>>> print(open('work_5.cif').read())   # mmCIF, C-alpha atoms
data_upload
#
loop_
_atom_site.group_PDB
_atom_site.id
_atom_site.type_symbol
_atom_site.label_atom_id
_atom_site.label_comp_id
_atom_site.auth_asym_id
_atom_site.auth_seq_id
_atom_site.Cartn_x
_atom_site.Cartn_y
_atom_site.Cartn_z
ATOM 1 C CA MET B 4 13.103 12.632 19.464
ATOM 2 C CA THR B 5 14.105 14.992 22.246
ATOM 3 C CA ALA B 6 11.808 17.704 23.554
ATOM 4 C CA SER B 7 13.886 20.341 21.780
ATOM 5 C CA VAL B 8 14.685 19.264 18.254
ATOM 6 C CA THR B 9 18.151 19.388 16.727
ATOM 7 C CA CYS B 10 18.727 19.998 13.038
ATOM 8 C CA ARG B 11 19.675 16.329 12.654
ATOM 9 C CA GLU B 12 16.390 15.239 14.214
ATOM 10 C CA PHE B 13 14.442 17.789 12.191
ATOM 11 C CA VAL B 14 15.835 16.499 8.900
ATOM 12 C CA GLY B 15 15.541 12.887 10.044
ATOM 13 C CA PHE B 16 11.820 13.181 10.744
ATOM 14 C CA LEU B 17 11.005 15.738 8.068
ATOM 15 C CA ALA B 18 9.043 13.290 5.899
ATOM 16 C CA ASP B 19 6.847 12.364 8.858
ATOM 17 C CA TYR B 20 6.342 16.029 9.746
ATOM 18 C CA LEU B 21 5.238 16.893 6.219
ATOM 19 C CA ALA B 22 2.981 13.833 6.116
ATOM 20 C CA ASN B 23 1.281 14.905 9.362
ATOM 21 C CA ALA B 24 2.457 11.667 10.950
ATOM 22 C CA LEU B 25 3.942 13.146 14.136
ATOM 23 C CA ARG B 26 2.287 13.395 17.523
ATOM 24 C CA PRO B 27 1.038 16.857 18.530
ATOM 25 C CA GLU B 28 3.859 17.452 20.988
ATOM 26 C CA GLU B 29 6.387 16.481 18.298
ATOM 27 C CA VAL B 30 4.768 18.896 15.869
ATOM 28 C CA ASP B 31 5.079 21.637 18.484
ATOM 29 C CA ALA B 32 8.768 20.839 18.930
ATOM 30 C CA PHE B 33 9.276 20.916 15.143
ATOM 31 C CA ASN B 34 7.487 24.237 14.807
ATOM 32 C CA ALA B 35 9.523 25.703 17.649
ATOM 33 C CA HIS B 36 12.708 24.610 15.894
ATOM 34 C CA LEU B 37 11.581 26.093 12.567
ATOM 35 C CA ALA B 38 10.877 29.392 14.309
ATOM 36 C CA GLU B 39 14.514 29.710 15.284
ATOM 37 C CA CYS B 40 16.438 27.845 12.581
ATOM 38 C CA PRO B 41 16.476 29.471 9.131
ATOM 39 C CA LEU B 42 18.778 26.694 7.872
ATOM 40 C CA CYS B 43 16.133 24.053 8.523
ATOM 41 C CA VAL B 44 13.495 26.325 6.987
ATOM 42 C CA ALA B 45 15.673 26.503 3.869
ATOM 43 C CA TYR B 46 16.174 22.731 3.928
ATOM 44 C CA MET B 47 12.470 22.034 4.306
ATOM 45 C CA ASN B 48 11.533 24.424 1.491
ATOM 46 C CA SER B 49 14.045 22.904 -0.898
ATOM 47 C CA TYR B 50 13.015 19.355 0.118
ATOM 48 C CA GLN B 51 9.384 20.153 -0.646
ATOM 49 C CA ALA B 52 10.374 21.859 -3.893
ATOM 50 C CA SER B 53 12.330 18.758 -4.933
ATOM 51 C CA VAL B 54 9.335 16.498 -4.290
ATOM 52 C CA HIS B 55 7.051 18.870 -6.186
ATOM 53 C CA MET B 56 9.445 19.084 -9.127
ATOM 54 C CA GLY B 57 9.796 15.312 -9.308
ATOM 55 C CA ARG B 58 6.018 14.928 -9.419
ATOM 56 C CA LYS B 59 5.592 17.566 -12.099
ATOM 57 C CA VAL B 60 8.304 16.386 -14.482
ATOM 58 C CA LEU B 61 7.208 12.743 -14.213
ATOM 59 C CA ASP B 62 3.462 13.336 -14.054
ATOM 60 C CA PRO B 63 1.886 10.150 -15.492
ATOM 61 C CA ASP B 64 -0.603 12.316 -17.396
ATOM 62 C CA ASP B 65 2.324 14.123 -19.030
ATOM 63 C CA LEU B 66 4.323 11.068 -19.965
ATOM 64 C CA PRO B 67 6.321 11.560 -23.151
ATOM 65 C CA VAL B 68 4.358 8.991 -25.115
ATOM 66 C CA PRO B 69 5.937 7.870 -28.391
ATOM 67 C CA ASP B 70 3.808 8.392 -31.507
ATOM 68 C CA ASP B 71 3.867 4.710 -32.118
ATOM 69 C CA VAL B 72 5.568 1.611 -30.926
ATOM 70 C CA PRO B 73 8.064 -0.423 -32.972
ATOM 71 C CA GLU B 74 6.112 -2.813 -35.196
ATOM 72 C CA ASP B 75 8.289 -5.722 -34.079
ATOM 73 C CA LEU B 76 7.078 -5.145 -30.514
ATOM 74 C CA VAL B 77 3.430 -5.070 -31.623
ATOM 75 C CA GLN B 78 3.893 -8.306 -33.571
ATOM 76 C CA ALA B 79 5.703 -9.931 -30.626
ATOM 77 C CA ILE B 80 2.822 -9.013 -28.315
ATOM 78 C CA LEU B 81 0.237 -10.378 -30.765
ATOM 79 C CA ALA B 82 2.258 -13.575 -31.181
ATOM 80 C CA VAL B 83 2.244 -14.374 -27.460
ATOM 81 C CA ARG B 84 -1.441 -13.657 -26.968
ATOM 82 C CA PRO B 85 -2.728 -16.339 -24.647
ATOM 83 C CA LYS B 86 -5.388 -18.613 -26.070
ATOM 84 C CA ALA B 87 -8.828 -17.605 -24.726
ATOM 85 C CA MET X 30 -17.342 14.511 -17.593
ATOM 86 C CA LEU X 31 -19.054 13.413 -20.797
ATOM 87 C CA GLU X 32 -15.693 12.496 -22.246
ATOM 88 C CA ALA X 33 -14.967 10.292 -19.228
ATOM 89 C CA VAL X 34 -18.348 8.562 -19.568
ATOM 90 C CA LEU X 35 -17.762 7.938 -23.271
ATOM 91 C CA ASP X 36 -14.253 6.631 -22.577
ATOM 92 C CA THR X 37 -15.617 4.246 -19.955
ATOM 93 C CA ARG X 38 -18.276 2.990 -22.353
ATOM 94 C CA ARG X 39 -15.685 2.504 -25.098
ATOM 95 C CA SER X 40 -13.550 0.558 -22.613
ATOM 96 C CA GLU X 41 -16.475 -1.651 -21.665
ATOM 97 C CA THR X 42 -17.301 -2.354 -25.323
ATOM 98 C CA LEU X 43 -13.698 -3.224 -26.074
ATOM 99 C CA VAL X 44 -13.416 -5.470 -23.017
ATOM 100 C CA SER X 45 -16.624 -7.234 -23.970
ATOM 101 C CA ARG X 46 -15.212 -7.943 -27.438
ATOM 102 C CA LEU X 47 -11.906 -9.108 -25.938
ATOM 103 C CA ARG X 48 -13.686 -11.566 -23.671
ATOM 104 C CA GLN X 49 -15.400 -13.006 -26.726
ATOM 105 C CA GLY X 50 -11.995 -13.656 -28.283
ATOM 106 C CA ASP X 51 -12.196 -10.887 -30.877
ATOM 107 C CA SER X 52 -8.696 -10.776 -32.428
ATOM 108 C CA GLN X 53 -9.234 -7.396 -34.037
ATOM 109 C CA ALA X 54 -10.217 -5.941 -30.695
ATOM 110 C CA TYR X 55 -7.036 -7.362 -29.150
ATOM 111 C CA GLU X 56 -4.856 -5.853 -31.851
ATOM 112 C CA ALA X 57 -6.659 -2.529 -31.507
ATOM 113 C CA MET X 58 -6.015 -2.564 -27.777
ATOM 114 C CA VAL X 59 -2.338 -3.383 -28.278
ATOM 115 C CA ARG X 60 -1.794 -0.601 -30.832
ATOM 116 C CA GLN X 61 -3.741 1.912 -28.794
ATOM 117 C CA GLU X 62 -2.266 1.236 -25.377
ATOM 118 C CA SER X 63 1.285 0.005 -25.966
ATOM 119 C CA PRO X 64 2.880 3.450 -26.573
ATOM 120 C CA ARG X 65 1.860 4.718 -23.177
ATOM 121 C CA MET X 66 2.685 1.417 -21.479
ATOM 122 C CA LEU X 67 6.160 1.508 -23.061
ATOM 123 C CA SER X 68 6.698 4.974 -21.581
ATOM 124 C CA VAL X 69 5.788 3.644 -18.161
ATOM 125 C CA THR X 70 8.093 0.612 -18.322
ATOM 126 C CA ARG X 71 10.952 2.661 -19.790
ATOM 127 C CA ARG X 72 10.768 5.005 -16.832
ATOM 128 C CA ILE X 73 11.102 2.191 -14.314
ATOM 129 C CA LEU X 74 13.538 -0.093 -16.125
ATOM 130 C CA ARG X 75 15.711 2.398 -18.013
ATOM 131 C CA ASN X 76 16.636 -0.351 -20.469
ATOM 132 C CA GLU X 77 14.871 -0.514 -23.827
ATOM 133 C CA GLU X 78 14.828 -4.295 -24.209
ATOM 134 C CA ASP X 79 13.636 -4.865 -20.652
ATOM 135 C CA ALA X 80 10.981 -2.180 -21.121
ATOM 136 C CA LYS X 81 9.647 -3.859 -24.290
ATOM 137 C CA ASP X 82 9.676 -7.279 -22.615
ATOM 138 C CA ALA X 83 7.741 -5.838 -19.680
ATOM 139 C CA VAL X 84 5.080 -4.500 -22.066
ATOM 140 C CA GLN X 85 4.713 -7.988 -23.549
ATOM 141 C CA ASP X 86 4.436 -9.452 -20.051
ATOM 142 C CA ALA X 87 1.829 -6.838 -19.195
ATOM 143 C CA PHE X 88 -0.412 -7.709 -22.136
ATOM 144 C CA VAL X 89 -0.198 -11.424 -21.369
ATOM 145 C CA SER X 90 -1.120 -10.699 -17.766
ATOM 146 C CA ALA X 91 -3.918 -8.343 -18.802
ATOM 147 C CA PHE X 92 -5.445 -10.817 -21.214
ATOM 148 C CA ARG X 93 -5.437 -13.527 -18.562
ATOM 149 C CA SER X 94 -6.991 -11.129 -16.031
ATOM 150 C CA LEU X 95 -9.766 -9.785 -18.239
ATOM 151 C CA GLY X 96 -12.257 -11.663 -16.150
ATOM 152 C CA SER X 97 -11.322 -9.539 -13.148
ATOM 153 C CA PHE X 98 -11.633 -6.193 -14.943
ATOM 154 C CA GLU X 99 -14.772 -4.788 -13.450
ATOM 155 C CA GLY X 100 -15.028 -1.577 -15.418
ATOM 156 C CA GLY X 101 -15.538 1.539 -13.341
ATOM 157 C CA CYS X 102 -12.171 2.801 -14.509
ATOM 158 C CA GLN X 103 -10.788 3.220 -17.965
ATOM 159 C CA LEU X 104 -9.018 0.320 -19.605
ATOM 160 C CA SER X 105 -5.898 2.478 -19.994
ATOM 161 C CA THR X 106 -5.784 3.128 -16.233
ATOM 162 C CA TRP X 107 -6.022 -0.602 -15.529
ATOM 163 C CA LEU X 108 -3.341 -1.393 -18.101
ATOM 164 C CA HIS X 109 -1.118 1.326 -16.668
ATOM 165 C CA ARG X 110 -1.111 -0.421 -13.294
ATOM 166 C CA ILE X 111 -0.437 -3.802 -14.919
ATOM 167 C CA ALA X 112 2.487 -2.259 -16.835
ATOM 168 C CA VAL X 113 3.928 -0.853 -13.594
ATOM 169 C CA ASN X 114 3.692 -4.282 -11.950
ATOM 170 C CA ALA X 115 5.246 -6.020 -14.956
ATOM 171 C CA ALA X 116 8.161 -3.572 -14.886
ATOM 172 C CA LEU X 117 8.650 -4.127 -11.166
ATOM 173 C CA MET X 118 8.756 -7.889 -11.664
ATOM 174 C CA ARG X 119 11.475 -7.451 -14.294
ATOM 175 C CA LEU X 120 13.339 -5.121 -11.970
ATOM 176 C CA ARG X 121 13.245 -7.656 -9.147
ATOM 177 C CA SER X 122 14.508 -10.436 -11.383
ATOM 178 C CA ARG X 123 17.539 -8.472 -12.483
ATOM 179 C CA LYS X 124 20.734 -9.920 -11.137
ATOM 180 C CA ARG X 125 21.500 -7.745 -8.164
ATOM 181 C CA LYS X 126 24.824 -6.026 -8.138
ATOM 182 C CA GLY X 127 25.658 -4.137 -4.993
ATOM 183 C CA GLU X 128 23.476 -1.060 -5.125
ATOM 184 C CA ASP X 129 25.208 2.278 -5.378
ATOM 185 C CA SER X 130 25.305 4.092 -2.071
ATOM 186 C CA ILE X 131 23.689 7.497 -1.758
ATOM 187 C CA ASP X 132 25.327 8.346 1.548
ATOM 188 C CA HIS X 133 27.356 11.064 -0.150
ATOM 189 C CA LEU X 134 24.067 12.768 -1.123
ATOM 190 C CA LEU X 135 22.591 12.798 2.376
ATOM 191 C CA PRO X 136 22.958 15.764 4.728
ATOM 192 C CA THR X 137 25.664 15.591 7.388
ATOM 193 C CA PHE X 138 25.624 16.988 10.888
ATOM 194 C CA LEU X 139 28.026 18.043 13.600
ATOM 195 C CA GLU X 140 28.180 16.290 16.949
ATOM 196 C CA ASP X 141 25.812 18.835 18.450
ATOM 197 C CA GLY X 142 23.215 18.115 15.748
ATOM 198 C CA HIS X 143 23.712 21.265 13.692
ATOM 199 C CA HIS X 144 24.102 21.129 9.902
ATOM 200 C CA ALA X 145 27.705 20.455 8.888
ATOM 201 C CA VAL X 146 27.028 22.151 5.541
ATOM 202 C CA GLU X 147 24.507 24.973 5.515
ATOM 203 C CA PRO X 148 21.550 24.195 3.227
ATOM 204 C CA ALA X 149 21.051 27.023 0.749
ATOM 205 C CA GLU X 150 17.858 28.832 -0.068
ATOM 206 C CA TRP X 151 16.782 28.304 -3.652
ATOM 207 C CA ARG X 152 16.576 31.201 -6.060
ATOM 208 C CA ASP X 153 12.911 30.719 -6.914
ATOM 209 C CA ASP X 154 9.904 28.539 -6.145
ATOM 210 C CA ALA X 155 9.414 25.179 -7.823
ATOM 211 C CA GLU X 156 6.780 26.324 -10.326
ATOM 212 C CA ALA X 157 8.912 29.230 -11.520
ATOM 213 C CA LEU X 158 11.948 26.979 -11.898
ATOM 214 C CA LEU X 159 9.940 24.424 -13.873
ATOM 215 C CA ALA X 160 8.898 27.050 -16.399
ATOM 216 C CA SER X 161 12.254 26.363 -18.041
ATOM 217 C CA ARG X 162 12.452 23.270 -20.255
ATOM 218 C CA GLU X 163 16.133 22.939 -19.481
ATOM 219 C CA ASN X 164 15.348 22.835 -15.772
ATOM 220 C CA CYS X 165 12.686 20.153 -16.320
ATOM 221 C CA ALA X 166 15.175 18.065 -18.279
ATOM 222 C CA PHE X 167 17.720 18.554 -15.503
ATOM 223 C CA VAL X 168 15.274 17.328 -12.858
ATOM 224 C CA ARG X 169 14.517 14.215 -14.946
ATOM 225 C CA GLU X 170 18.249 13.527 -15.334
ATOM 226 C CA CYS X 171 18.782 13.814 -11.580
ATOM 227 C CA ILE X 172 15.956 11.357 -10.914
ATOM 228 C CA ASP X 173 17.512 9.008 -13.473
ATOM 229 C CA ASP X 174 20.843 9.303 -11.653
ATOM 230 C CA LEU X 175 19.404 7.858 -8.446
ATOM 231 C CA PRO X 176 20.248 4.174 -7.836
ATOM 232 C CA ASP X 177 17.454 1.809 -8.941
ATOM 233 C CA GLY X 178 16.216 0.930 -5.462
ATOM 234 C CA TYR X 179 15.759 4.560 -4.437
ATOM 235 C CA ARG X 180 14.455 5.791 -7.769
ATOM 236 C CA THR X 181 11.812 3.064 -7.888
ATOM 237 C CA VAL X 182 10.460 3.933 -4.442
ATOM 238 C CA LEU X 183 10.359 7.623 -5.393
ATOM 239 C CA ILE X 184 8.467 6.833 -8.596
ATOM 240 C CA LEU X 185 5.997 4.470 -6.944
ATOM 241 C CA ARG X 186 5.233 6.741 -3.981
ATOM 242 C CA ASP X 187 5.548 10.278 -5.311
ATOM 243 C CA ILE X 188 4.621 9.756 -8.981
ATOM 244 C CA GLU X 189 2.443 6.634 -9.240
ATOM 245 C CA GLU X 190 0.964 7.507 -5.821
ATOM 246 C CA LEU X 191 0.908 3.997 -4.453
ATOM 247 C CA ASP X 192 0.580 4.116 -0.675
ATOM 248 C CA THR X 193 3.328 2.818 1.608
ATOM 249 C CA ASP X 194 1.818 -0.644 2.053
ATOM 250 C CA GLU X 195 1.165 -1.103 -1.679
ATOM 251 C CA THR X 196 4.726 -0.028 -2.428
ATOM 252 C CA ALA X 197 6.093 -2.390 0.218
ATOM 253 C CA ARG X 198 4.182 -5.325 -1.291
ATOM 254 C CA ALA X 199 5.243 -4.411 -4.814
ATOM 255 C CA LEU X 200 8.915 -4.258 -3.843
ATOM 256 C CA GLY X 201 8.989 -7.078 -1.315
ATOM 257 C CA MET X 202 10.095 -4.864 1.580
ATOM 258 C CA THR X 203 8.627 -3.693 4.858
ATOM 259 C CA ALA X 204 6.577 -0.530 5.108
ATOM 260 C CA ASN X 205 9.231 1.006 7.331
ATOM 261 C CA ALA X 206 11.930 0.233 4.772
ATOM 262 C CA VAL X 207 9.824 1.992 2.141
ATOM 263 C CA LYS X 208 9.491 5.086 4.349
ATOM 264 C CA VAL X 209 13.224 5.227 5.005
ATOM 265 C CA ARG X 210 14.079 4.714 1.335
ATOM 266 C CA LEU X 211 11.634 7.351 0.199
ATOM 267 C CA HIS X 212 12.986 9.963 2.575
ATOM 268 C CA ARG X 213 16.566 9.160 1.554
ATOM 269 C CA ALA X 214 15.649 9.272 -2.141
ATOM 270 C CA ARG X 215 14.031 12.689 -1.694
ATOM 271 C CA GLN X 216 17.030 13.969 0.237
ATOM 272 C CA ALA X 217 19.376 12.673 -2.444
ATOM 273 C CA LEU X 218 17.295 14.301 -5.187
ATOM 274 C CA ARG X 219 17.407 17.575 -3.296
ATOM 275 C CA SER X 220 21.191 17.354 -3.054
ATOM 276 C CA LEU X 221 21.475 16.724 -6.806
ATOM 277 C CA LEU X 222 19.213 19.672 -7.618
ATOM 278 C CA GLU X 223 20.669 22.203 -5.188
ATOM 279 C CA PRO X 224 23.818 23.213 -7.108
ATOM 280 C CA ARG X 225 21.666 24.387 -10.022
ATOM 281 C CA PHE X 226 18.826 25.961 -8.091
ATOM 282 C CA ARG X 227 20.497 27.474 -5.044
ATOM 283 C CA ARG X 228 20.399 31.227 -4.634
ATOM 284 C CA THR X 229 23.828 32.613 -5.408
ATOM 285 C CA THR X 230 25.080 35.635 -3.499
ATOM 286 C CA GLY X 231 27.012 38.502 -5.031
#
>>> encode(input="work_5.cif", output="structure tokens")
Amino acid sequence: MTASVTCREFVGFLADYLANALRPEEVDAFNAHLAECPLCVAYMNSYQASVHMGRKVLDPDDLPVPDDVPEDLVQAILAVRPKA
Amino acid sequence: MLEAVLDTRRSETLVSRLRQGDSQAYEAMVRQESPRMLSVTRRILRNEEDAKDAVQDAFVSAFRSLGSFEGGCQLSTWLHRIAVNAALMRLRSRKRKGEDSIDHLLPTFLEDGHHAVEPAEWRDDAEALLASRENCAFVRECIDDLPDGYRTVLILRDIEELDTDETARALGMTANAVKVRLHRARQALRSLLEPRFRRTTG
């Protein structure tokens, strides 16, 4: 990464930036770029929104759980129960 | 809190009965846990027969591993992880066709490093957009549209919250490959979502 960050570099390392995985001087370069590039601000915001939306709609605690499971599946599982 | 303690105690009682070979306890566990496990495997495999087979595999694996279940978490949490692993094993054994490319969904740049296509601001924040059921369904469809290899990494890292190393072991790839795939999957998802959620002018 160069001392002054291009949009390509910003997007390329965005995941590391958001995960706090960059060195301090890299973070400074990223922040300086964000201060002058509204396009990368827009990209970052929509990237974060996408991640957030994916987590919310597929939240394991909100899984669309069927009321029951096909009886043939239950019987198949019981039939292959390993001997203790 | 009390509910969690009671659930843990119920799990421990059930596991104790399972270890003693109690058939009724086994059937009770299957009927109780299989709906949720089927949801998990469906999400990863996207094929009903494979998803059901993975649930069977998961119960076989769970029964054989009962000795290693130490309690301390609910039985359903433990079975959830076993179901994820069973689904991943099925996914890996699928005959590999060439995976669809997502290059067309990644951002492009000019020679000087500027965006070739200006990313748009979105018309609202994520929470506001998710208030709509149609929008939630749209997001799920877009995730489903991602090629298997990218979708799986996204699910394991961002949804199942496995760390990079766990995900790498589960998928038989390097940690760096997982990081690259995850970032690309997120970028691709963003590209699929943008046409619907971008702020329109005029």
>>> interface_residues(input="work_5.cif", of="chain X", to="chain B", cutoff="7 Å", atoms="all atoms listed in the file", output="PyMOL selection string")
chain X and resi 50+56+59-60+63-65+68+81+85+89+138+142-144+147-151+155+165+168-169+187-188+212+215-216+218-219
>>> atom_distance(input="work_5.cif", atom1="CA of Gly96 in chain X", atom2="CA of Met118 in chain X")
21.8 Å
>>> residues_around(input="work_5.cif", residues="Tyr179 in chain X", least_positions_apart="2", cutoff="9 Å", atoms="only C-alpha atoms", output="number ranges by chain")
X: 131, 175-177, 181-184, 210-211, 213-215
>>> write_last_selection(input="work_5.cif", atoms="C-alpha atoms", output="CSV table (one decimal), in the frame of the given file")
chain,number,residue,atom,x,y,z
X,131,ILE,CA,23.7,7.5,-1.8
X,175,LEU,CA,19.4,7.9,-8.4
X,176,PRO,CA,20.2,4.2,-7.8
X,177,ASP,CA,17.5,1.8,-8.9
X,181,THR,CA,11.8,3.1,-7.9
X,182,VAL,CA,10.5,3.9,-4.4
X,183,LEU,CA,10.4,7.6,-5.4
X,184,ILE,CA,8.5,6.8,-8.6
X,210,ARG,CA,14.1,4.7,1.3
X,211,LEU,CA,11.6,7.4,0.2
X,213,ARG,CA,16.6,9.2,1.6
X,214,ALA,CA,15.6,9.3,-2.1
X,215,ARG,CA,14.0,12.7,-1.7
>>> closest_residue(input="work_5.cif", among="X:Thr193, X:Ser220, X:Ala160, X:Ala57", to="Asn205 in chain X", atoms="all atoms listed in the file")
X:Thr193
>>> residues_around(input="work_5.cif", residues="Ala83 in chain X", least_positions_apart="5", cutoff="9 Å", atoms="all atoms listed in the file", output="PyMOL selection string")
chain X and resi 67+70+74+78+88+112-119
>>> atom_distance(input="work_5.cif", atom1="CA of Ala199 in chain X", atom2="CA of Arg186 in chain X")
11.2 Å
